[in-house]
file input.cif (mmCIF, C-alpha atoms)
data_my_file
loop_
_atom_site.label_atom_id
_atom_site.label_comp_id
_atom_site.auth_asym_id
_atom_site.auth_seq_id
_atom_site.Cartn_x
_atom_site.Cartn_y
_atom_site.Cartn_z
CA MET A 1 124.01 65.91 -139.33
CA THR A 2 125.53 64.14 -142.30
CA GLY A 3 125.06 60.43 -142.77
CA THR A 4 122.32 59.93 -140.19
CA ALA A 5 118.59 59.52 -140.45
CA PRO A 6 116.28 62.15 -138.98
CA VAL A 7 115.97 61.69 -135.28
CA GLY A 8 112.67 63.37 -134.86
CA THR A 9 111.57 66.32 -132.82
CA THR A 10 113.71 67.68 -130.00
CA ALA A 11 110.75 69.27 -128.21
CA SER A 12 110.66 66.58 -125.56
CA ILE A 13 114.01 64.93 -124.95
CA PRO A 14 114.14 61.99 -122.50
CA ASP A 15 116.43 62.44 -119.54
CA PRO A 16 119.71 60.80 -120.68
CA THR A 17 120.52 59.42 -117.23
CA GLN A 18 117.19 57.62 -116.89
CA ALA A 19 117.32 56.51 -120.53
CA GLN A 20 120.81 55.09 -120.01
CA ARG A 21 119.63 52.97 -117.09
CA ARG A 22 116.76 51.53 -119.13
CA ILE A 23 118.99 50.94 -122.16
CA LEU A 24 121.55 49.08 -120.09
CA ARG A 25 118.84 46.83 -118.61
CA VAL A 26 117.58 45.88 -122.08
CA LEU A 27 121.10 45.35 -123.40
CA VAL A 28 121.92 43.14 -120.43
CA ALA A 29 118.87 40.96 -121.12
CA SER A 30 119.74 40.58 -124.79
CA GLN A 31 123.39 39.85 -124.03
CA ILE A 32 122.50 37.02 -121.65
CA LEU A 33 120.62 35.37 -124.50
CA SER A 34 123.18 36.12 -127.20
CA GLY A 35 125.99 34.86 -124.97
CA ALA A 36 124.37 31.44 -124.94
CA GLY A 37 124.05 31.56 -128.73
CA LEU A 38 127.68 32.53 -129.20
CA ALA A 39 129.16 30.01 -126.77
CA ALA A 40 127.11 27.05 -127.95
CA GLY A 41 128.40 27.30 -131.49
CA VAL A 42 132.01 27.93 -130.48
CA THR A 43 132.04 24.78 -128.37
CA VAL A 44 131.28 22.26 -131.13
CA GLY A 45 131.89 24.08 -134.43
CA ALA A 46 135.40 22.69 -134.86
CA LEU A 47 134.31 19.20 -133.75
CA LEU A 48 131.44 19.20 -136.26
CA ALA A 49 133.79 20.06 -139.13
CA GLN A 50 136.32 17.48 -137.99
CA ASP A 51 133.59 14.83 -137.82
CA MET A 52 132.32 15.64 -141.32
CA LEU A 53 135.72 16.00 -142.99
CA GLY A 54 137.72 13.48 -141.00
CA SER A 55 140.66 15.92 -140.84
CA THR A 56 142.16 18.05 -138.08
CA SER A 57 143.83 20.42 -140.56
CA LEU A 58 140.48 22.02 -141.43
CA ALA A 59 139.06 21.95 -137.91
CA GLY A 60 139.84 25.65 -137.59
CA LEU A 61 137.76 26.45 -140.68
CA PRO A 62 134.42 26.84 -138.82
CA SER A 63 135.91 29.49 -136.55
CA ALA A 64 137.44 31.20 -139.57
CA LEU A 65 134.11 31.15 -141.41
CA PHE A 66 131.91 32.52 -138.69
CA THR A 67 134.45 35.19 -137.84
CA ALA A 68 134.70 36.07 -141.55
CA GLY A 69 130.92 36.22 -141.63
CA SER A 70 131.04 38.49 -138.62
CA ALA A 71 133.28 40.86 -140.59
CA LEU A 72 130.57 41.40 -143.19
CA ALA A 73 127.92 41.61 -140.48
CA ALA A 74 129.94 44.21 -138.56
CA VAL A 75 129.85 46.52 -141.58
CA ALA A 76 126.13 45.97 -142.07
CA VAL A 77 125.23 46.39 -138.40
CA GLY A 78 127.40 49.51 -138.15
CA ARG A 79 125.83 51.14 -141.21
CA ILE A 80 122.26 50.26 -140.22
CA SER A 81 122.94 51.59 -136.73
CA GLN A 82 124.41 54.84 -138.07
CA ALA A 83 121.47 55.39 -140.40
CA ARG A 84 118.55 54.09 -138.34
CA GLY A 85 119.80 53.51 -134.80
CA ARG A 86 121.16 50.72 -132.65
CA ARG A 87 117.82 48.93 -132.26
CA PRO A 88 117.28 47.89 -135.92
CA GLY A 89 121.00 47.29 -136.42
CA LEU A 90 121.43 44.92 -133.49
CA ALA A 91 118.09 43.14 -133.97
CA THR A 92 118.88 42.44 -137.62
CA GLY A 93 122.29 41.06 -136.72
CA TYR A 94 120.94 38.62 -134.14
CA LEU A 95 118.15 37.45 -136.42
CA THR A 96 120.73 36.70 -139.11
CA GLY A 97 122.72 34.66 -136.58
CA ALA A 98 119.59 32.63 -135.81
CA ILE A 99 119.14 31.87 -139.51
CA GLY A 100 122.75 30.70 -139.68
CA SER A 101 122.16 28.37 -136.73
CA ALA A 102 119.23 26.80 -138.55
CA GLY A 103 121.47 26.29 -141.58
CA VAL A 104 124.10 24.50 -139.48
CA ILE A 105 121.43 22.14 -138.13
CA ALA A 106 120.27 21.38 -141.67
CA ALA A 107 123.87 20.75 -142.78
CA ALA A 108 124.44 18.34 -139.89
CA ILE A 109 121.28 16.41 -140.72
CA LEU A 110 122.21 16.22 -144.43
CA ASP A 111 125.93 15.62 -143.71
CA ASN A 112 126.70 18.39 -146.19
CA PRO A 113 130.02 20.20 -145.56
CA VAL A 114 129.36 22.90 -148.17
CA LEU A 115 126.07 23.86 -146.55
CA LEU A 116 127.80 23.73 -143.15
CA PHE A 117 130.43 26.24 -144.21
CA ILE A 118 127.86 28.59 -145.78
CA ALA A 119 125.68 28.41 -142.67
CA LEU A 120 128.64 29.05 -140.36
CA PHE A 121 129.44 32.16 -142.37
CA VAL A 122 125.89 33.44 -141.82
CA TYR A 123 125.99 32.34 -138.16
CA GLY A 124 128.91 34.75 -137.69
CA ALA A 125 126.47 37.66 -137.73
CA GLY A 126 125.55 36.77 -134.15
CA THR A 127 129.18 37.07 -133.05
CA ALA A 128 129.55 40.50 -134.66
CA THR A 129 126.32 41.74 -133.15
CA ASN A 130 127.28 40.46 -129.72
CA LEU A 131 130.37 42.66 -129.87
CA GLN A 132 128.61 45.66 -131.45
CA ALA A 133 126.17 45.78 -128.55
CA ARG A 134 128.95 47.03 -126.26
CA TYR A 135 129.09 50.28 -128.20
CA ALA A 136 125.38 50.86 -127.58
CA GLY A 137 126.09 50.82 -123.86
CA ALA A 138 128.52 53.74 -124.25
CA ASP A 139 126.41 56.01 -126.49
CA LEU A 140 124.88 57.93 -123.57
CA ALA A 141 127.59 57.34 -120.98
CA ALA A 142 129.65 60.24 -119.64
CA PRO A 143 133.25 60.17 -120.96
CA GLY A 144 134.68 59.21 -117.57
CA HIS A 145 132.29 56.25 -117.27
CA ARG A 146 132.39 54.82 -120.79
CA ALA A 147 134.56 51.83 -119.98
CA ARG A 148 132.24 50.90 -117.12
CA ALA A 149 129.19 51.21 -119.37
CA VAL A 150 130.85 48.96 -121.96
CA SER A 151 131.72 46.51 -119.19
CA THR A 152 128.14 46.35 -117.93
CA VAL A 153 127.03 45.12 -121.35
CA LEU A 154 129.93 42.70 -121.69
CA VAL A 155 129.49 41.07 -118.28
CA ALA A 156 125.90 40.17 -119.09
CA THR A 157 127.24 37.84 -121.76
CA THR A 158 128.82 35.77 -118.99
CA LEU A 159 125.58 34.15 -117.86
CA GLY A 160 124.64 32.84 -121.27
CA GLY A 161 128.27 32.29 -122.25
CA VAL A 162 128.95 30.01 -119.30
CA ALA A 163 125.65 28.17 -119.57
CA GLY A 164 125.91 27.59 -123.34
CA PRO A 165 128.96 25.28 -123.46
CA ASN A 166 127.76 23.30 -120.45
CA LEU A 167 124.53 22.60 -122.31
CA ALA A 168 126.47 20.98 -125.17
CA ALA A 169 125.92 17.46 -123.82
CA PRO A 170 122.19 17.89 -122.89
CA THR A 171 121.38 19.57 -126.20
CA GLY A 172 123.25 16.77 -127.94
CA VAL A 173 120.92 14.28 -126.27
CA LEU A 174 117.96 16.40 -127.38
CA ALA A 175 119.25 16.42 -130.95
CA GLU A 176 119.63 12.63 -130.97
CA THR A 177 116.09 12.30 -129.60
CA LEU A 178 114.90 14.40 -132.53
CA GLY A 179 116.83 12.21 -134.97
CA MET A 180 119.70 14.67 -135.52
CA PRO A 181 123.45 14.27 -135.03
CA ASP A 182 124.37 15.08 -131.43
CA LEU A 183 126.75 17.89 -132.46
CA ALA A 184 123.80 19.77 -133.98
CA GLY A 185 122.28 20.13 -130.51
CA PRO A 186 124.14 23.26 -129.39
CA PHE A 187 123.04 25.05 -132.56
CA ILE A 188 119.40 24.44 -131.60
CA LEU A 189 120.19 26.43 -128.47
CA SER A 190 122.11 29.13 -130.36
CA GLY A 191 119.33 29.64 -132.90
CA ALA A 192 116.67 30.05 -130.22
CA ALA A 193 118.90 32.32 -128.14
CA TYR A 194 119.76 34.64 -131.03
CA ALA A 195 116.12 34.86 -132.11
CA LEU A 196 115.02 35.80 -128.58
CA ALA A 197 117.80 38.40 -128.30
CA ALA A 198 116.57 40.01 -131.52
CA LEU A 199 113.02 40.08 -130.17
CA VAL A 200 114.07 41.70 -126.86
CA LEU A 201 115.92 44.48 -128.67
CA ALA A 202 113.21 45.08 -131.26
CA LEU A 203 110.53 45.45 -128.60
CA TRP A 204 112.28 47.21 -125.73
CA LEU A 205 115.42 49.10 -126.79
CA ARG A 206 113.61 52.43 -126.57
CA PRO A 207 114.69 55.19 -126.71
CA ASP A 208 117.37 54.24 -129.16
CA PRO A 209 120.69 55.23 -127.52
CA LEU A 210 122.48 56.43 -130.65
CA LEU A 211 119.53 58.40 -131.97
CA LEU A 212 118.98 59.98 -128.56
CA ALA A 213 122.66 60.93 -128.43
CA HIS A 214 122.23 62.65 -131.81
CA THR A 215 119.12 64.43 -130.59
CA ILE A 216 120.86 65.71 -127.47
CA ALA A 217 123.88 66.83 -129.46
CA GLU A 218 121.68 68.77 -131.89
CA SER A 219 119.78 70.35 -129.02
CA LYS A 220 123.01 71.43 -127.37
CA ASP A 221 124.13 72.94 -130.66
CA THR A 222 121.02 75.14 -130.63
CA GLY A 223 121.21 75.83 -126.90
CA ALA A 224 118.00 73.93 -126.23
CA ALA A 225 119.40 71.42 -123.78
CA THR A 226 121.69 71.65 -120.83
CA ALA A 227 121.64 68.06 -119.62
CA PRO A 228 125.03 66.39 -119.66
CA ALA A 229 125.16 63.99 -122.59
CA ALA A 230 127.91 61.62 -123.42
CA THR A 231 128.31 62.73 -127.02
CA GLY A 232 131.72 64.30 -126.74
CA SER A 233 135.12 62.71 -126.46
CA ALA A 234 137.14 62.21 -123.36
CA ASP A 235 140.26 62.59 -125.47
CA THR A 236 139.84 64.32 -128.80
CA ASN A 237 143.56 64.74 -129.36
CA GLY A 238 144.19 61.12 -130.22
CA GLY A 239 142.81 61.53 -133.75
CA ARG A 240 143.61 58.82 -136.24
CA GLY A 241 146.36 57.49 -133.99
CA GLY A 242 143.77 56.70 -131.32
CA VAL A 243 141.65 54.74 -133.79
CA VAL A 244 144.69 52.81 -135.02
CA LEU A 245 145.85 51.99 -131.50
CA GLY A 246 142.40 50.94 -130.29
CA ALA A 247 141.96 48.76 -133.37
CA LEU A 248 145.43 47.22 -132.99
CA VAL A 249 144.79 46.29 -129.36
CA MET A 250 141.52 44.56 -130.19
CA VAL A 251 142.83 42.93 -133.40
CA LEU A 252 145.86 41.32 -131.75
CA THR A 253 143.92 40.12 -128.72
CA GLN A 254 141.23 38.64 -130.97
CA LEU A 255 143.77 36.90 -133.21
CA VAL A 256 145.57 35.25 -130.30
CA MET A 257 142.42 34.38 -128.38
CA VAL A 258 140.57 32.79 -131.32
CA ALA A 259 143.59 30.77 -132.47
CA ILE A 260 144.22 29.15 -129.11
CA MET A 261 140.54 28.80 -128.13
CA THR A 262 139.55 27.17 -131.42
CA MET A 263 142.00 24.31 -131.17
CA THR A 264 141.66 23.64 -127.44
CA PRO A 265 138.53 21.41 -127.79
CA VAL A 266 140.24 19.53 -130.63
CA HIS A 267 143.40 19.15 -128.54
CA MET A 268 141.34 17.82 -125.64
CA HIS A 269 139.38 15.49 -127.91
CA ASP A 270 142.64 14.04 -129.23
CA HIS A 271 143.64 13.29 -125.62
CA GLY A 272 140.45 11.39 -124.89
CA HIS A 273 138.28 14.09 -123.34
CA GLY A 274 134.57 14.26 -124.20
CA THR A 275 132.34 17.22 -125.03
CA ALA A 276 131.46 17.68 -121.35
CA ALA A 277 135.12 18.33 -120.42
CA SER A 278 135.80 20.59 -123.38
CA GLY A 279 132.51 22.37 -122.72
CA LEU A 280 133.60 23.04 -119.14
CA VAL A 281 136.95 24.47 -120.26
CA ILE A 282 135.31 26.70 -122.88
CA ALA A 283 132.71 27.81 -120.31
CA ILE A 284 135.50 28.86 -117.94
CA HIS A 285 137.23 30.62 -120.82
CA ILE A 286 134.12 32.54 -121.83
CA GLY A 287 133.41 33.37 -118.21
CA ALA A 288 136.89 34.89 -117.98
CA MET A 289 136.25 36.79 -121.20
CA TYR A 290 133.25 38.60 -119.75
CA LEU A 291 132.91 38.16 -115.97
CA PRO A 292 135.82 40.49 -115.04
CA SER A 293 134.32 43.28 -117.17
CA PRO A 294 133.05 45.50 -114.30
CA LEU A 295 136.48 45.42 -112.66
CA THR A 296 138.20 45.95 -116.00
CA GLY A 297 135.96 48.91 -116.80
CA TRP A 298 136.74 50.49 -113.44
CA LEU A 299 140.48 49.91 -113.97
CA VAL A 300 140.36 51.44 -117.45
CA ASP A 301 138.47 54.53 -116.25
CA ARG A 302 140.62 54.84 -113.12
CA TYR A 303 144.14 54.08 -114.36
CA GLY A 304 143.88 54.80 -118.08
CA ARG A 305 143.41 52.96 -121.34
CA MET A 306 147.13 52.48 -122.05
CA LYS A 307 148.05 50.61 -118.87
CA ILE A 308 145.25 48.07 -119.22
CA ALA A 309 146.00 47.60 -122.93
CA ALA A 310 149.61 46.76 -122.00
CA SER A 311 148.36 44.38 -119.31
CA SER A 312 146.42 42.55 -122.00
CA GLY A 313 149.58 41.61 -123.87
CA ILE A 314 151.30 40.37 -120.72
CA THR A 315 148.29 38.29 -119.65
CA LEU A 316 147.98 36.67 -123.07
CA LEU A 317 151.66 35.76 -122.97
CA GLY A 318 151.08 33.96 -119.66
CA ALA A 319 148.09 32.15 -121.15
CA GLY A 320 150.10 30.96 -124.14
CA ILE A 321 152.98 29.69 -122.01
CA LEU A 322 150.66 27.80 -119.66
CA ALA A 323 148.61 26.27 -122.49
CA ALA A 324 151.82 25.11 -124.17
CA ALA A 325 153.19 23.58 -120.96
CA ALA A 326 149.96 21.97 -119.73
CA PRO A 327 149.74 18.17 -120.18
CA GLY A 328 147.01 17.16 -122.59
CA ASP A 329 145.26 15.11 -119.92
CA SER A 330 145.10 17.99 -117.41
CA VAL A 331 141.69 19.62 -117.61
CA ALA A 332 142.55 21.89 -114.66
CA LEU A 333 145.67 23.42 -116.24
CA LEU A 334 144.03 23.83 -119.63
CA ALA A 335 141.08 25.52 -117.92
CA LEU A 336 143.46 27.89 -116.12
CA ALA A 337 145.27 28.69 -119.37
CA LEU A 338 141.98 29.40 -121.13
CA ALA A 339 140.86 31.55 -118.19
CA LEU A 340 143.99 33.69 -118.58
CA LEU A 341 143.36 33.78 -122.32
CA GLY A 342 139.85 35.13 -121.73
CA LEU A 343 141.06 37.68 -119.18
CA GLY A 344 143.72 39.01 -121.55
CA TRP A 345 141.11 39.35 -124.26
CA ASN A 346 138.83 41.20 -121.85
CA PHE A 347 141.56 43.69 -120.96
CA GLY A 348 142.17 44.31 -124.66
CA LEU A 349 138.54 44.61 -125.68
CA VAL A 350 137.47 47.02 -122.91
CA SER A 351 140.53 49.27 -123.19
CA GLY A 352 140.45 49.21 -127.01
CA THR A 353 136.73 49.99 -127.12
CA ALA A 354 137.21 52.93 -124.75
CA ILE A 355 140.05 54.28 -126.90
CA ILE A 356 137.90 54.07 -130.05
CA THR A 357 134.82 55.63 -128.45
CA ASP A 358 136.88 58.46 -126.97
CA THR A 359 138.42 59.27 -130.34
CA VAL A 360 135.62 58.96 -132.89
CA PRO A 361 133.10 61.84 -133.30
CA LEU A 362 129.40 61.08 -132.92
CA ALA A 363 128.61 61.84 -136.57
CA THR A 364 130.59 58.81 -137.77
CA ARG A 365 130.72 56.76 -134.57
CA ALA A 366 128.70 53.67 -135.52
CA LYS A 367 130.20 53.39 -139.01
CA THR A 368 133.74 53.64 -137.67
CA GLN A 369 133.01 51.18 -134.88
CA GLY A 370 131.63 48.75 -137.45
CA THR A 371 134.74 49.15 -139.61
CA VAL A 372 137.01 48.52 -136.63
CA ASP A 373 135.05 45.39 -135.79
CA VAL A 374 135.62 44.19 -139.37
CA SER A 375 139.34 44.22 -138.64
CA ILE A 376 138.69 42.34 -135.42
CA ALA A 377 136.61 39.75 -137.26
CA ILE A 378 139.24 39.31 -139.97
CA ALA A 379 141.84 38.79 -137.25
CA GLY A 380 139.62 36.15 -135.69
CA ALA A 381 139.11 34.45 -139.05
CA THR A 382 142.85 34.42 -139.63
CA GLY A 383 143.52 33.01 -136.19
CA GLY A 384 140.83 30.35 -136.56
CA MET A 385 141.98 29.22 -139.99
CA ALA A 386 145.70 29.30 -139.24
CA SER A 387 145.27 27.47 -135.94
CA GLY A 388 144.15 24.20 -137.51
CA ILE A 389 146.87 24.32 -140.15
CA MET A 390 149.56 25.08 -137.57
CA VAL A 391 148.47 22.34 -135.19
CA ALA A 392 148.40 19.83 -138.06
CA ALA A 393 151.90 20.92 -139.13
CA THR A 394 153.42 21.28 -135.65
CA SER A 395 151.48 20.90 -132.39
CA TYR A 396 149.01 22.60 -130.06
CA PRO A 397 151.79 23.70 -127.66
CA ALA A 398 153.62 25.38 -130.57
CA LEU A 399 150.43 27.23 -131.49
CA ALA A 400 149.83 28.39 -127.91
CA LEU A 401 153.39 29.59 -127.41
CA THR A 402 153.43 31.43 -130.74
CA GLY A 403 150.19 33.20 -129.86
CA GLY A 404 151.53 34.27 -126.48
CA ILE A 405 154.70 35.71 -128.00
CA LEU A 406 152.72 37.51 -130.72
CA SER A 407 150.65 39.32 -128.07
CA LEU A 408 153.77 41.11 -126.86
CA ALA A 409 153.56 43.30 -129.98
CA LEU A 410 151.03 45.36 -128.02
CA LEU A 411 153.69 46.70 -125.67
CA PRO A 412 155.75 48.81 -128.13
CA ALA A 413 152.56 50.09 -129.80
CA VAL A 414 151.13 51.28 -126.49
CA ALA A 415 154.48 52.74 -125.42
CA ALA A 416 154.89 54.65 -128.68
CA THR A 417 151.39 56.12 -128.49
CA ALA A 418 151.80 57.10 -124.84
CA TYR A 419 155.13 58.77 -125.67
CA ARG A 420 153.58 60.83 -128.51
CA ARG A 421 150.95 62.11 -126.11
#

call {"tool": "encode", "arguments": {"input": "input.cif", "output": "structure tokens"}}
result
Amino acid sequence: MTGTAPVGTTASIPDPTQAQRRILRVLVASQILSGAGLAAGVTVGALLAQDMLGSTSLAGLPSALFTAGSALAAVAVGRISQARGRRPGLATGYLTGAIGSAGVIAAAILDNPVLLFIALFVYGAGTATNLQARYAGADLAAPGHRARAVSTVLVATTLGGVAGPNLAAPTGVLAETLGMPDLAGPFILSGAAYALAALVLALWLRPDPLLLAHTIAESKDTGAATAPAATGSADTNGGRGGVVLGALVMVLTQLVMVAIMTMTPVHMHDHGHGTAASGLVIAIHIGAMYLPSPLTGWLVDRYGRMKIAASSGITLLGAGILAAAAPGDSVALLALALALLGLGWNFGLVSGTAIITDTVPLATRAKTQGTVDVSIAIAGATGGMASGIMVAATSYPALALTGGILSLALLPAVAATAYRR
């Protein structure tokens, strides 16, 4: 099989159903840890840059940098996974994120913006890996259960993702106790969380789901195995159009979500709210990004990828309108807007991932998935960078409303693809 490393002997192939259960358990454990690492940095990244630079216009730069860094990491993780398996690919990505966290801490101590931006770029590897892990959950899943397998991995991020932002204040106290700026505290948590996630995967993600899928596929080619393996496609007629649609759904949802999410803590800070309040809102947002995943996966498998992808655009529009209309001093309304923002993103990510996995053949699956995630990361970087500039030039409500309207572009794309089918 071209482009993949040898997968070893096929004389004794693990039962794919039992292997899938074990793989999902390990992925869930790693995602709980990585969720904390991801959320901690998101909560204070913009505030740290604003504090160092004394300017709101560049407050979106941290989000842009770590999402740009995640673009490069997505390529690397995808290629390592295709060549050597998910285990080394994902473990390497999380370890790189931990190194980036350490760099951010050093930059905060030294008050060095250049080092901060470099470290945030490296830190982005954790974000990319957190997303790439969802594909590992689908490698051995039956076609009709892929969205649910993806959702199982995503929902595990909720525990760490909700805990991370709410630990912003306590970790800030810890950082001050250690003689560091308080905003460096969450990155202490993110560094430790990413390092532990890498360790969990390196030790226990066995058998490797992608390599086992290759082994089963090769055995089926020679007639040596009859066990049902999830190496085929639920819809092989989508072709390139399916890849484009799946990528478009995830790119637009990422762009809108990152833009509005990035500037919400800054918007709240400008209205007198502290890190505890902004941490709570971001925690609710991240919970809404991942917690509905089991239901979303069931909806995608039950009612189809297209309907849930369209629902994503409509939900994001509602989030943008509410965020624009919410008074700056209303934590409750901003939290509700960010919850809708997370839910819309969840609809887009699960449906888009299922479309991509259905369409791409096993021989190039990980590489293509990595390439698609590059587009997602670039969209996030664009949203993060443009958000600060737009808020400085106009206002947060203008940003939120623009993002909501932009999400409606999903509807004609989904309709056109459904019509062609």

call {"tool": "residues_around", "arguments": {"input": "input.cif", "residues": "Leu401 (chain A)", "least_positions_apart": "5", "cutoff": "9 Å", "atoms": "all atoms listed in the file", "output": "JSON, numbers by chain"}}
result
{"A": [317, 319, 320, 321, 322, 323, 324, 325, 396, 406]}

call {"tool": "residues_around", "arguments": {"input": "input.cif", "residues": "region 366-381 of chain A", "least_positions_apart": "4", "cutoff": "6 Å", "atoms": "all atoms listed in the file", "output": "mmCIF file with C-alpha atoms, keeping the file's coordinate frame"}}
result
data_model
loop_
_atom_site.group_PDB
_atom_site.id
_atom_site.type_symbol
_atom_site.label_atom_id
_atom_site.label_comp_id
_atom_site.auth_asym_id
_atom_site.auth_seq_id
_atom_site.Cartn_x
_atom_site.Cartn_y
_atom_site.Cartn_z
ATOM 1 C CA ALA A 64 137.440 31.200 -139.570
ATOM 2 C CA THR A 67 134.450 35.190 -137.840
ATOM 3 C CA ALA A 68 134.700 36.070 -141.550
ATOM 4 C CA SER A 70 131.040 38.490 -138.620
ATOM 5 C CA ALA A 71 133.280 40.860 -140.590
ATOM 6 C CA ALA A 74 129.940 44.210 -138.560
ATOM 7 C CA VAL A 75 129.850 46.520 -141.580
ATOM 8 C CA GLY A 78 127.400 49.510 -138.150
ATOM 9 C CA ARG A 79 125.830 51.140 -141.210
ATOM 10 C CA GLN A 82 124.410 54.840 -138.070
ATOM 11 C CA ALA A 247 141.960 48.760 -133.370
ATOM 12 C CA VAL A 251 142.830 42.930 -133.400
ATOM 13 C CA GLN A 254 141.230 38.640 -130.970
ATOM 14 C CA LEU A 255 143.770 36.900 -133.210
ATOM 15 C CA VAL A 258 140.570 32.790 -131.320
#

call {"tool": "atom_distance", "arguments": {"input": "input.cif", "atom1": "CA of Ala184 (chain A)", "atom2": "CA of Met289 (chain A)"}}
result
24.7 Å

call {"tool": "closest_atom_pairs", "arguments": {"input": "input.cif", "of": "region 39-158 of chain A", "to": "region 201-225 of chain A", "cutoff": "10 Å", "atoms": "only C-alpha atoms", "output": "tab-separated table"}}
result
residue	atom	partner	partner_atom	distance
A:Ser81	CA	A:Leu210	CA	7.8
A:Gln82	CA	A:Leu210	CA	7.8
A:Ala83	CA	A:Leu211	CA	9.2
A:Arg84	CA	A:Leu211	CA	7.8
A:Gly85	CA	A:Leu211	CA	5.7
A:Arg86	CA	A:Leu210	CA	6.2
A:Arg87	CA	A:Leu205	CA	6.0
A:Pro88	CA	A:Ala202	CA	6.8
A:Gly89	CA	A:Ala202	CA	9.6
A:Leu90	CA	A:Leu201	CA	7.3
A:Ala91	CA	A:Leu201	CA	5.9
A:Thr92	CA	A:Ala202	CA	8.9
A:Tyr94	CA	A:Leu201	CA	9.5
A:Tyr135	CA	A:Leu210	CA	9.4
A:Ala136	CA	A:Pro209	CA	6.4
A:Gly137	CA	A:Pro209	CA	7.9
A:Ala138	CA	A:Pro209	CA	8.6
A:Asp139	CA	A:Leu210	CA	5.7
A:Leu140	CA	A:Ala213	CA	6.1
A:Ala141	CA	A:Ala213	CA	9.6

call {"tool": "closest_residue", "arguments": {"input": "input.cif", "among": "A:Gly37, A:Gly93, A:Pro265, A:Pro327", "to": "Ala193 (chain A)", "atoms": "only C-alpha atoms"}}
result
A:Gly37

call {"tool": "resolve_selection", "arguments": {"input": "input.cif", "expression": "the PyMOL selection byres ((chain A and resi 100) around 12)", "output": "MDAnalysis selection string"}}
result
chainID A and resid 37:38 41 65:66 69:70 93:99 101:107 115:127 187:188 190:192 194:195

call {"tool": "atom_distance", "arguments": {"input": "input.cif", "atom1": "CA of Leu295 (chain A)", "atom2": "CA of Ala29 (chain A)"}}
result
20.0 Å

call {"tool": "atom_distance", "arguments": {"input": "input.cif", "atom1": "CA of His145 (chain A)", "atom2": "CA of Arg25 (chain A)"}}
result
16.5 Å

call {"tool": "closest_atom_pairs", "arguments": {"input": "input.cif", "of": "region 279-396 of chain A", "to": "region 269-275 of chain A", "cutoff": "12 Å", "atoms": "all atoms listed in the file", "output": "CSV"}}
result
residue,atom,partner,partner_atom,distance
A:Gly279,CA,A:Thr275,CA,5.6
A:Leu280,CA,A:Thr275,CA,8.4
A:Val281,CA,A:Thr275,CA,9.8
A:Ile282,CA,A:Thr275,CA,10.2
A:Ala283,CA,A:Thr275,CA,11.6
A:Pro327,CA,A:His271,CA,9.5
A:Gly328,CA,A:His271,CA,6.0
A:Asp329,CA,A:His271,CA,6.2
A:Ser330,CA,A:His271,CA,9.6
A:Val331,CA,A:His273,CA,8.7
A:Leu334,CA,A:His273,CA,11.9
A:Val391,CA,A:Asp270,CA,11.8
A:Ser395,CA,A:Asp270,CA,11.6
A:Tyr396,CA,A:Asp270,CA,10.7

call {"tool": "resolve_selection", "arguments": {"input": "input.cif", "expression": "the PyMOL selection byres ((chain A and resi 175) around 10)", "output": "PyMOL selection string"}}
result
chain A and resi 105+109+169-174+176-188

call {"tool": "residues_around", "arguments": {"input": "input.cif", "residues": "region 152-166 of chain A", "least_positions_apart": "6", "cutoff": "7 Å", "atoms": "only C-alpha atoms", "output": "ChimeraX atom specification"}}
result
/A:24,27-28,31-40,43,134,137,276,279-280,282-284,286-287,290-291,293-294

call {"tool": "closest_residue", "arguments": {"input": "input.cif", "among": "A:Ala326, A:Val266, A:Ala310, A:Ser351", "to": "Gln50 (chain A)", "atoms": "all atoms listed in the file"}}
result
A:Val266

call {"tool": "closest_residue", "arguments": {"input": "input.cif", "among": "A:Ala339, A:Ala393, A:Ala400, A:Val414", "to": "Arg305 (chain A)", "atoms": "only C-alpha atoms"}}
result
A:Val414

call {"tool": "closest_residue", "arguments": {"input": "input.cif", "among": "A:Leu110, A:Ile80, A:Ala19, A:Ala409", "to": "Met52 (chain A)", "atoms": "only C-alpha atoms"}}
result
A:Leu110

call {"tool": "closest_residue", "arguments": {"input": "input.cif", "among": "A:Gly144, A:Gly54, A:Pro62, A:Gly403", "to": "Arg302 (chain A)", "atoms": "all atoms listed in the file"}}
result
A:Gly144

call {"tool": "closest_residue", "arguments": {"input": "input.cif", "among": "A:Ala108, A:Leu349, A:Val150, A:Leu341", "to": "Ile260 (chain A)", "atoms": "all atoms listed in the file"}}
result
A:Leu341
